[in-house]
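> Next up, upload-v1.cif (mmCIF, C-alpha atoms and all ligand atoms).
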data_entry
loop_
_atom_site.group_PDB
_atom_site.id
_atom_site.type_symbol
_atom_site.label_atom_id
_atom_site.label_comp_id
_atom_site.auth_asym_id
_atom_site.auth_seq_id
_atom_site.Cartn_x
_atom_site.Cartn_y
_atom_site.Cartn_z
ATOM 1 C CA MET A 1 -13.725 -7.048 15.585
ATOM 2 C CA PRO A 2 -12.347 -5.831 12.209
ATOM 3 C CA LEU A 3 -9.333 -3.485 12.311
ATOM 4 C CA ILE A 4 -11.278 -0.836 10.423
ATOM 5 C CA THR A 5 -14.794 -0.585 9.049
ATOM 6 C CA LEU A 6 -16.043 2.012 6.570
ATOM 7 C CA GLN A 7 -19.788 2.353 6.134
ATOM 8 C CA ASP A 8 -21.172 4.383 3.243
ATOM 9 C CA VAL A 9 -18.107 6.645 3.319
ATOM 10 C CA ALA A 10 -17.949 9.559 0.917
ATOM 11 C CA PHE A 11 -15.396 12.318 0.457
ATOM 12 C CA SER A 12 -15.944 15.507 -1.539
ATOM 13 C CA ARG A 13 -13.738 18.518 -2.057
ATOM 14 C CA ARG A 14 -15.039 21.748 -3.606
ATOM 15 C CA GLY A 15 -18.029 20.004 -5.152
ATOM 16 C CA ASN A 16 -15.829 17.205 -6.556
ATOM 17 C CA HIS A 17 -17.224 13.853 -5.383
ATOM 18 C CA ILE A 18 -13.976 11.900 -5.029
ATOM 19 C CA LEU A 19 -15.296 8.902 -3.049
ATOM 20 C CA ARG A 20 -18.857 7.690 -2.590
ATOM 21 C CA GLY A 21 -20.671 4.756 -1.020
ATOM 22 C CA ILE A 22 -17.524 3.012 0.260
ATOM 23 C CA ASP A 23 -18.315 -0.033 2.411
ATOM 24 C CA LEU A 24 -15.148 -1.802 3.453
ATOM 25 C CA SER A 25 -13.740 -3.695 6.376
ATOM 26 C CA LEU A 26 -10.267 -5.068 7.001
ATOM 27 C CA SER A 27 -9.491 -8.036 9.221
ATOM 28 C CA SER A 28 -6.302 -8.942 11.069
ATOM 29 C CA GLY A 29 -3.548 -10.366 8.903
ATOM 30 C CA GLU A 30 -5.160 -9.992 5.467
ATOM 31 C CA ILE A 31 -3.439 -8.404 2.458
ATOM 32 C CA VAL A 32 -5.822 -6.204 0.496
ATOM 33 C CA THR A 33 -4.886 -4.331 -2.650
ATOM 34 C CA VAL A 34 -6.715 -1.351 -4.121
ATOM 35 C CA VAL A 35 -6.391 -0.944 -7.887
ATOM 36 C CA GLY A 36 -7.947 1.660 -10.150
ATOM 37 C CA PRO A 37 -7.083 4.189 -12.852
ATOM 38 C CA ASN A 38 -5.382 7.529 -12.169
ATOM 39 C CA GLY A 39 -7.648 9.879 -10.256
ATOM 40 C CA SER A 40 -9.988 7.115 -9.079
ATOM 41 C CA GLY A 41 -9.556 8.128 -5.411
ATOM 42 C CA LYS A 42 -7.047 5.525 -4.199
ATOM 43 C CA THR A 43 -4.774 7.968 -2.341
ATOM 44 C CA THR A 44 -7.803 9.830 -0.985
ATOM 45 C CA LEU A 45 -9.167 6.556 0.398
ATOM 46 C CA MET A 46 -5.817 5.803 2.103
ATOM 47 C CA ARG A 47 -5.760 9.305 3.595
ATOM 48 C CA VAL A 48 -9.300 8.878 4.926
ATOM 49 C CA ILE A 49 -8.318 5.551 6.498
ATOM 50 C CA ILE A 50 -5.203 6.941 8.218
ATOM 51 C CA GLY A 51 -7.277 9.868 9.505
ATOM 52 C CA ALA A 52 -5.568 12.627 7.473
ATOM 53 C CA LEU A 53 -8.939 13.440 5.828
ATOM 54 C CA ALA A 54 -12.363 13.297 7.488
ATOM 55 C CA PRO A 55 -15.145 11.613 5.495
ATOM 56 C CA THR A 56 -17.817 14.068 4.376
ATOM 57 C CA ARG A 57 -20.419 11.316 4.855
ATOM 58 C CA GLY A 58 -20.625 7.879 6.442
ATOM 59 C CA THR A 59 -18.705 6.386 9.336
ATOM 60 C CA LEU A 60 -15.213 5.025 9.827
ATOM 61 C CA THR A 61 -14.590 2.824 12.869
ATOM 62 C CA ARG A 62 -11.118 1.811 14.049
ATOM 63 C CA ARG A 63 -10.497 -0.992 16.517
ATOM 64 C CA PRO A 64 -9.546 0.680 19.816
ATOM 65 C CA GLY A 65 -5.764 1.049 20.138
ATOM 66 C CA LEU A 66 -5.196 0.285 16.434
ATOM 67 C CA SER A 67 -1.658 1.120 15.287
ATOM 68 C CA ILE A 68 -1.217 2.041 11.597
ATOM 69 C CA GLY A 69 2.127 2.167 9.750
ATOM 70 C CA TYR A 70 2.054 4.268 6.573
ATOM 71 C CA VAL A 71 4.469 4.031 3.643
ATOM 72 C CA PRO A 72 3.775 7.098 1.453
ATOM 73 C CA GLN A 73 3.619 7.222 -2.337
ATOM 74 C CA ARG A 74 6.755 9.303 -2.450
ATOM 75 C CA LEU A 75 9.068 11.091 -0.051
ATOM 76 C CA HIS A 76 11.515 13.663 -1.286
ATOM 77 C CA ILE A 77 14.729 14.101 0.662
ATOM 78 C CA ASP A 78 17.045 16.810 -0.643
ATOM 79 C CA ALA A 79 20.153 15.052 -2.014
ATOM 80 C CA THR A 80 22.368 17.820 -0.570
ATOM 81 C CA LEU A 81 21.070 17.167 2.955
ATOM 82 C CA PRO A 82 23.305 14.764 4.903
ATOM 83 C CA MET A 83 20.869 12.162 6.207
ATOM 84 C CA SER A 84 21.962 8.654 7.083
ATOM 85 C CA VAL A 85 19.447 5.826 7.250
ATOM 86 C CA ALA A 86 20.075 5.590 11.016
ATOM 87 C CA ARG A 87 19.258 9.290 11.405
ATOM 88 C CA PHE A 88 16.147 8.983 9.261
ATOM 89 C CA MET A 89 14.983 6.076 11.432
ATOM 90 C CA ALA A 90 15.270 8.371 14.494
ATOM 91 C CA LEU A 91 12.719 10.840 13.051
ATOM 92 C CA PRO A 92 10.502 12.125 14.562
ATOM 93 C CA ARG A 93 11.737 10.333 17.702
ATOM 94 C CA ARG A 94 14.518 7.953 18.662
ATOM 95 C CA HIS A 95 13.892 4.250 19.178
ATOM 96 C CA PRO A 96 16.157 1.758 20.973
ATOM 97 C CA ALA A 97 18.984 0.509 18.731
ATOM 98 C CA ASP A 98 17.734 -3.077 18.750
ATOM 99 C CA ALA A 99 14.217 -1.948 17.699
ATOM 100 C CA VAL A 100 15.752 -0.086 14.739
ATOM 101 C CA ARG A 101 17.908 -3.097 13.836
ATOM 102 C CA THR A 102 14.872 -5.416 13.980
ATOM 103 C CA ALA A 103 12.739 -3.094 11.808
ATOM 104 C CA LEU A 104 15.532 -2.832 9.201
ATOM 105 C CA GLU A 105 15.901 -6.617 9.178
ATOM 106 C CA GLN A 106 12.141 -7.174 8.863
ATOM 107 C CA ALA A 107 12.061 -4.798 5.892
ATOM 108 C CA GLY A 108 15.049 -6.479 4.223
ATOM 109 C CA ALA A 109 17.104 -3.295 4.736
ATOM 110 C CA ASP A 110 19.694 -4.649 7.161
ATOM 111 C CA GLY A 111 23.205 -3.442 6.429
ATOM 112 C CA LEU A 112 21.947 -0.043 5.229
ATOM 113 C CA ALA A 113 21.979 1.843 8.559
ATOM 114 C CA GLU A 114 25.151 3.813 7.856
ATOM 115 C CA ARG A 115 24.301 4.611 4.220
ATOM 116 C CA GLN A 116 23.195 8.081 3.147
ATOM 117 C CA MET A 117 19.527 8.183 2.091
ATOM 118 C CA ALA A 118 20.531 9.999 -1.130
ATOM 119 C CA THR A 119 22.739 7.103 -2.241
ATOM 120 C CA LEU A 120 20.126 4.355 -1.905
ATOM 121 C CA SER A 121 18.603 2.645 -4.924
ATOM 122 C CA GLY A 122 14.833 2.998 -5.373
ATOM 123 C CA GLY A 123 14.247 -0.485 -3.934
ATOM 124 C CA GLN A 124 16.520 0.146 -0.929
ATOM 125 C CA PHE A 125 14.818 3.493 -0.287
ATOM 126 C CA GLN A 126 11.374 1.848 -0.224
ATOM 127 C CA ARG A 127 12.641 -0.830 2.190
ATOM 128 C CA VAL A 128 13.909 1.892 4.529
ATOM 129 C CA LEU A 129 10.485 3.616 4.381
ATOM 130 C CA LEU A 130 8.929 0.242 5.150
ATOM 131 C CA ALA A 131 11.321 -0.255 8.095
ATOM 132 C CA HIS A 132 10.365 3.192 9.387
ATOM 133 C CA ALA A 133 6.667 2.262 9.230
ATOM 134 C CA LEU A 134 7.393 -0.994 11.106
ATOM 135 C CA LEU A 135 8.991 0.829 14.070
ATOM 136 C CA GLY A 136 5.529 1.484 15.547
ATOM 137 C CA HIS A 137 4.611 -2.258 15.513
ATOM 138 C CA PRO A 138 1.621 -1.648 13.236
ATOM 139 C CA ASP A 139 -1.498 -3.822 13.291
ATOM 140 C CA LEU A 140 -2.174 -2.396 9.840
ATOM 141 C CA LEU A 141 0.437 -1.422 7.263
ATOM 142 C CA ILE A 142 -0.734 0.940 4.520
ATOM 143 C CA LEU A 143 1.361 1.308 1.372
ATOM 144 C CA ASP A 144 0.439 3.874 -1.266
ATOM 145 C CA GLU A 145 2.102 2.807 -4.523
ATOM 146 C CA ALA A 146 5.239 1.943 -2.614
ATOM 147 C CA ASN A 147 6.618 0.317 -5.766
ATOM 148 C CA GLN A 148 6.619 3.584 -7.719
ATOM 149 C CA GLY A 149 9.849 3.944 -9.710
ATOM 150 C CA LEU A 150 10.856 0.319 -9.154
ATOM 151 C CA ASP A 151 11.369 -1.972 -12.109
ATOM 152 C CA HIS A 152 9.379 -5.161 -12.438
ATOM 153 C CA ARG A 153 11.934 -7.370 -10.679
ATOM 154 C CA ALA A 154 12.404 -4.922 -7.768
ATOM 155 C CA THR A 155 8.618 -4.605 -7.459
ATOM 156 C CA ALA A 156 8.173 -8.379 -7.264
ATOM 157 C CA ALA A 157 10.959 -8.585 -4.646
ATOM 158 C CA PHE A 158 9.374 -5.756 -2.649
ATOM 159 C CA TYR A 159 6.012 -7.519 -2.548
ATOM 160 C CA ARG A 160 7.639 -10.782 -1.475
ATOM 161 C CA GLN A 161 9.153 -8.754 1.380
ATOM 162 C CA ILE A 162 5.676 -7.476 2.286
ATOM 163 C CA GLU A 163 4.374 -11.050 2.438
ATOM 164 C CA ARG A 164 7.326 -11.978 4.680
ATOM 165 C CA VAL A 165 6.567 -9.016 6.974
ATOM 166 C CA ARG A 166 2.935 -10.080 7.204
ATOM 167 C CA ARG A 167 4.015 -13.630 8.096
ATOM 168 C CA GLU A 168 6.551 -12.462 10.687
ATOM 169 C CA ILE A 169 4.614 -9.728 12.486
ATOM 170 C CA GLY A 170 1.061 -10.745 11.563
ATOM 171 C CA CYS A 171 -0.084 -7.262 10.519
ATOM 172 C CA ALA A 172 -2.789 -6.642 7.942
ATOM 173 C CA VAL A 173 -1.640 -4.882 4.778
ATOM 174 C CA LEU A 174 -3.639 -2.432 2.657
ATOM 175 C CA MET A 175 -1.874 -1.299 -0.471
ATOM 176 C CA VAL A 176 -2.434 0.681 -3.625
ATOM 177 C CA SER A 177 -0.700 -0.292 -6.799
ATOM 178 C CA HIS A 178 -0.627 0.183 -10.535
ATOM 179 C CA GLU A 179 1.569 -2.901 -10.848
ATOM 180 C CA LEU A 180 -1.541 -5.007 -11.130
ATOM 181 C CA HIS A 181 -0.172 -8.437 -11.726
ATOM 182 C CA ALA A 182 2.699 -8.534 -9.234
ATOM 183 C CA VAL A 183 0.541 -6.994 -6.564
ATOM 184 C CA MET A 184 -2.461 -9.175 -7.178
ATOM 185 C CA GLN A 185 -0.460 -12.295 -6.632
ATOM 186 C CA ALA A 186 0.475 -11.105 -3.129
ATOM 187 C CA SER A 187 -3.121 -10.232 -2.209
ATOM 188 C CA ASP A 188 -5.849 -12.119 -0.385
ATOM 189 C CA ARG A 189 -8.414 -9.638 -1.719
ATOM 190 C CA VAL A 190 -8.413 -7.023 -4.465
ATOM 191 C CA ILE A 191 -10.649 -3.954 -4.518
ATOM 192 C CA CYS A 192 -11.229 -2.208 -7.807
ATOM 193 C CA LEU A 193 -11.954 1.489 -7.208
ATOM 194 C CA ASN A 194 -13.324 4.234 -9.413
ATOM 195 C CA GLY A 195 -14.771 6.714 -6.914
ATOM 196 C CA HIS A 196 -16.861 3.782 -5.680
ATOM 197 C CA ILE A 197 -16.003 0.085 -5.344
ATOM 198 C CA CYS A 198 -16.626 -1.408 -8.807
ATOM 199 C CA CYS A 199 -15.797 -4.974 -7.844
ATOM 200 C CA GLN A 200 -13.841 -6.862 -5.223
ATOM 201 C CA GLY A 201 -12.878 -10.421 -4.365
ATOM 202 C CA SER A 202 -10.024 -12.859 -4.731
ATOM 203 C CA PRO A 203 -7.338 -11.887 -7.286
ATOM 204 C CA GLU A 204 -8.694 -14.544 -9.672
ATOM 205 C CA THR A 205 -12.261 -13.265 -9.358
ATOM 206 C CA VAL A 206 -11.275 -9.638 -9.954
ATOM 207 C CA ALA A 207 -8.846 -10.455 -12.805
ATOM 208 C CA GLY A 208 -11.692 -12.256 -14.574
ATOM 209 C CA SER A 209 -14.272 -9.532 -13.914
ATOM 210 C CA PRO A 210 -15.479 -7.449 -16.908
ATOM 211 C CA ALA A 211 -15.766 -4.366 -14.615
ATOM 212 C CA TYR A 212 -12.061 -4.634 -13.763
ATOM 213 C CA ARG A 213 -10.992 -5.189 -17.366
ATOM 214 C CA ASP A 214 -13.102 -2.284 -18.661
ATOM 215 C CA LEU A 215 -11.860 0.059 -15.969
ATOM 216 C CA LEU A 216 -8.186 -0.717 -16.490
ATOM 217 C CA GLY A 217 -8.520 -0.948 -20.281
ATOM 218 C CA LEU A 218 -7.303 -4.552 -20.350
ATOM 219 C CA ASP A 219 -8.396 -7.232 -22.742
ATOM 220 C CA GLU A 220 -9.124 -10.717 -21.495
ATOM 221 C CA CYS A 221 -5.637 -12.036 -22.355
ATOM 222 C CA ASP A 222 -3.916 -9.220 -20.436
ATOM 223 C CA ALA A 223 -6.012 -9.634 -17.351
ATOM 224 C CA VAL A 224 -6.015 -13.380 -17.021
ATOM 225 C CA GLY A 225 -2.826 -14.360 -18.888
ATOM 226 C CA PHE A 226 -0.481 -12.096 -16.949
ATOM 227 C CA TYR A 227 -2.027 -13.100 -13.692
ATOM 228 C CA ARG A 228 -1.441 -16.806 -14.357
ATOM 229 C CA HIS A 229 2.077 -16.156 -15.553
ATOM 230 C CA HIS A 230 3.028 -14.515 -12.269
ATOM 231 C CA SER A 231 1.234 -17.178 -10.262
ATOM 232 C CA SER A 232 3.553 -19.943 -11.384
ATOM 233 C CA PRO A 233 5.085 -21.691 -8.363
ATOM 234 C CA ALA A 234 8.632 -21.329 -9.754
ATOM 235 C CA GLU A 235 8.321 -17.568 -10.056
ATOM 236 C CA ALA A 236 6.479 -17.157 -6.777
ATOM 237 C CA SER A 237 9.285 -18.824 -4.846
ATOM 238 C CA ALA A 238 12.154 -17.183 -6.815
HETATM 239 N N1 LIG B 1 -6.891 18.330 -2.082
HETATM 240 C C1 LIG B 1 -7.618 18.125 -3.181
HETATM 241 N N2 LIG B 1 -8.431 19.093 -3.643
HETATM 242 C C2 LIG B 1 -9.199 18.895 -4.746
HETATM 243 N N3 LIG B 1 -9.206 17.743 -5.455
HETATM 244 C C3 LIG B 1 -8.407 16.763 -5.044
HETATM 245 C C4 LIG B 1 -7.565 16.880 -3.892
HETATM 246 N N4 LIG B 1 -6.880 15.710 -3.736
HETATM 247 C C5 LIG B 1 -7.268 14.912 -4.749
HETATM 248 N N5 LIG B 1 -8.180 15.533 -5.524
HETATM 249 C C6 LIG B 1 -8.834 14.969 -6.727
HETATM 250 O O1 LIG B 1 -9.441 13.755 -6.344
HETATM 251 C C7 LIG B 1 -9.359 12.796 -7.396
HETATM 252 C C8 LIG B 1 -8.737 11.528 -6.848
HETATM 253 O O2 LIG B 1 -7.365 11.776 -6.505
HETATM 254 P P1 LIG B 1 -6.465 10.650 -5.847
HETATM 255 O O3 LIG B 1 -5.085 11.216 -5.718
HETATM 256 O O4 LIG B 1 -7.124 10.135 -4.646
HETATM 257 O O5 LIG B 1 -6.520 9.532 -6.997
HETATM 258 P P2 LIG B 1 -5.571 8.274 -7.238
HETATM 259 O O6 LIG B 1 -6.485 7.169 -7.652
HETATM 260 O O7 LIG B 1 -4.706 8.044 -6.045
HETATM 261 O O8 LIG B 1 -4.714 8.769 -8.469
HETATM 262 P P3 LIG B 1 -3.230 8.313 -8.977
HETATM 263 O O9 LIG B 1 -3.368 6.909 -9.445
HETATM 264 O O10 LIG B 1 -2.993 9.273 -10.113
HETATM 265 O O11 LIG B 1 -2.272 8.504 -7.833
HETATM 266 C C9 LIG B 1 -8.564 13.466 -8.509
HETATM 267 O O12 LIG B 1 -9.488 13.957 -9.461
HETATM 268 C C10 LIG B 1 -7.849 14.592 -7.804
HETATM 269 O O13 LIG B 1 -7.615 15.660 -8.684
#
Show me, as structure tokens, the structure contained in the file I just sent.


Amino acid sequence: MPLITLQDVAFSRRGNHILRGIDLSLSSGEIVTVVGPNGSGKTTLMRVIIGALAPTRGTLTRRPGLSIGYVPQRLHIDATLPMSVARFMALPRRHPADAVRTALEQAGADGLAERQMATLSGGQFQRVLLAHALLGHPDLLILDEANQGLDHRATAAFYRQIERVRREIGCAVLMVSHELHAVMQASDRVICLNGHICCQGSPETVAGSPAYRDLLGLDECDAVGFYRHHSSPAEASA
């Protein structure tokens, strides 16, 4: 049984049709990336999937007992508030010390437990958010532009960490990103969204699709050339 299945899902708010006709299912262990321009409904789709918003039409089915870990687009923590990583990891409830240590290690954030959240780099901060999401042993990890504010190198490193997490704990990953090329390389399947699903398939299929290029305003060289560049074995294993 798929982890989640959406059938003809739509979401509207005050007469604004944000999502329509979404048919989507996610299987165990796959990495799926949602790309699309600003305002195309990516965050809304994530919020429908985690259950924060109810579809206004269609059905959403979750596998019984499904556990979802969510890494939000952004999380503001007041810099004047003393908040160590260890304390953050204990919110909203404490976990055994070895569970916290394991989650930090899995997220590549080991050694940060005693640091103040306000002093972390953008990449370290995202790894701590990832560790927090891993505490619940998710079957499905959802990341909404978790690379926001990271430079290209940090983004690539973060996605390699996501692939490692998938390998180690076997969860499926659903992520949103604007960092098309880095993210596409890490994906088994890419979904191109603009209120509805414009196209989907393997990264190669989507990168070569006219619908994807038109939507993202890319020319053929951008879409295909960048993708190949980041697919080179040397870079992938760096
Ligand atoms: N609570 C809300 N009430 C009304 N409209 C909303 C609400 N939330 C989102 N929208 C609208 O829905 C559309 C899709 O927003 P959403 O944040 O899902 O897009 P997105 O693809 O994630 O955008 P971005 O890439 O800029 O983060 C936008 O036009 C937005 O203004």

> Applying the PyMOL selection byres (((chain A and resi 38-45) around 6) and not hetatm) to the file I just gave you, which residues come out? Please list them as JSON, numbers by chain.

{"A": [18, 36, 37, 46, 47, 48, 194, 195]}

> Would you kindly translate the PyMOL selection byres (((chain A and resi 64-81) around 6) and not hetatm) into the concrete residues it picks from this file, as a PyMOL selection string?

chain A and resi 63+82-83+118+133+138-146

> Which one of A:Ala207, A:Phe125, A:Val34, A:Asp188 sits closest to Ala172 in chain A if you count only C-alpha atoms?

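Among A:Ala207, A:Phe125, A:Val34, A:Asp188, it is A:Asp188 that comes nearest to Ala172 in chain A.
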
> Would you write out, as a list in words, every residue that the PyMOL selection byres (((chain A and resi 192) around 6) and not hetatm) captures in this file?

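Evaluating the PyMOL selection byres (((chain A and resi 192) around 6) and not hetatm) on these coordinates yields Val34, Val35, Gly36, Ile191, Leu193, Ile197, Cys198, Cys199 and Gln200 of chain A.
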
> Please, what distance in Å, to one decimal, runs between CA of Val128 in chain A and CA of Leu104 in chain A?

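About the pair CA of Val128 in chain A and CA of Leu104 in chain A: they are 6.8 Å apart.
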
> Residues around (9.4, -2.9, 4.5), cut-off 12 Å, counting all atoms listed in the file - what are they as a PyMOL selection string?

chain A and resi 69-72+102-110+123-135+138+141-143+146-147+157-166+168-169+173

> Using only C-alpha atoms and all ligand atoms, pick whichever of A:Arg167, A:His196, A:Arg115, A:Arg101 has the shortest atom-to-atom distance to ligand LIG 1 (chain B).

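Closest residue, counting only C-alpha atoms and all ligand atoms: A:His196.
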
> For each of A:Pro2, A:Arg153, A:Gly122, A:Gln148, take the minimum atom-to-atom distance to ligand LIG 1 (chain B), counting all atoms listed in the file, then give the residue where this is smallest.

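Comparing A:Pro2, A:Arg153, A:Gly122, A:Gln148 against ligand LIG 1 (chain B), the winner is A:Gln148.
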
> Measuring between only C-alpha atoms and all ligand atoms, which one of A:Leu24, A:Leu53, A:Val9, A:Ala86 shows the shortest distance to ligand LIG 1 (chain B)?

A:Leu53

> Kindly give the distance, in Å, that separates atom O1 of ligand LIG 1 (chain B) and CA of Phe11 in chain A, rounded to a single decimal.

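According to the coordinates, atom O1 of ligand LIG 1 (chain B) and CA of Phe11 in chain A are separated by 9.2 Å.
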
> Please compute the CA of Asp8 in chain A-CA of Leu218 in chain A distance, one decimal, in Å.

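Computing the Euclidean distance for CA of Asp8 in chain A and CA of Leu218 in chain A yields 28.8 Å.
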
> From the options A:Ala10, A:Ala99, A:Leu120, A:Ala156, which residue's atoms come nearest to ligand LIG 1 (chain B), counting all atoms listed in the file?

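Residue with the minimum atom-to-atom distance to ligand LIG 1 (chain B): A:Ala10.
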
> Ligand LIG 1 (chain B), all listed atoms, 5 Å padding on each side: what axis-aligned box centre and edge lengths in Å to one decimal come out, as lines of an AutoDock Vina configuration file?


center_x = -5.9
center_y = 13.0
center_z = -6.1
size_x = 17.2
size_y = 22.2
size_z = 18.0

> Rank nothing, just name the residue among A:Ile31, A:Ile4, A:Leu91, A:Leu216 nearest to ligand LIG 1 (chain B), using all atoms listed in the file.

A:Leu216

> Which residues are close to Pro203 in chain A, i.e. within 8 Å by all atoms listed in the file, leaving aside same-chain residues fewer than 5 positions away? Reply as a ChimeraX atom specification.

/A:184-185,187-190
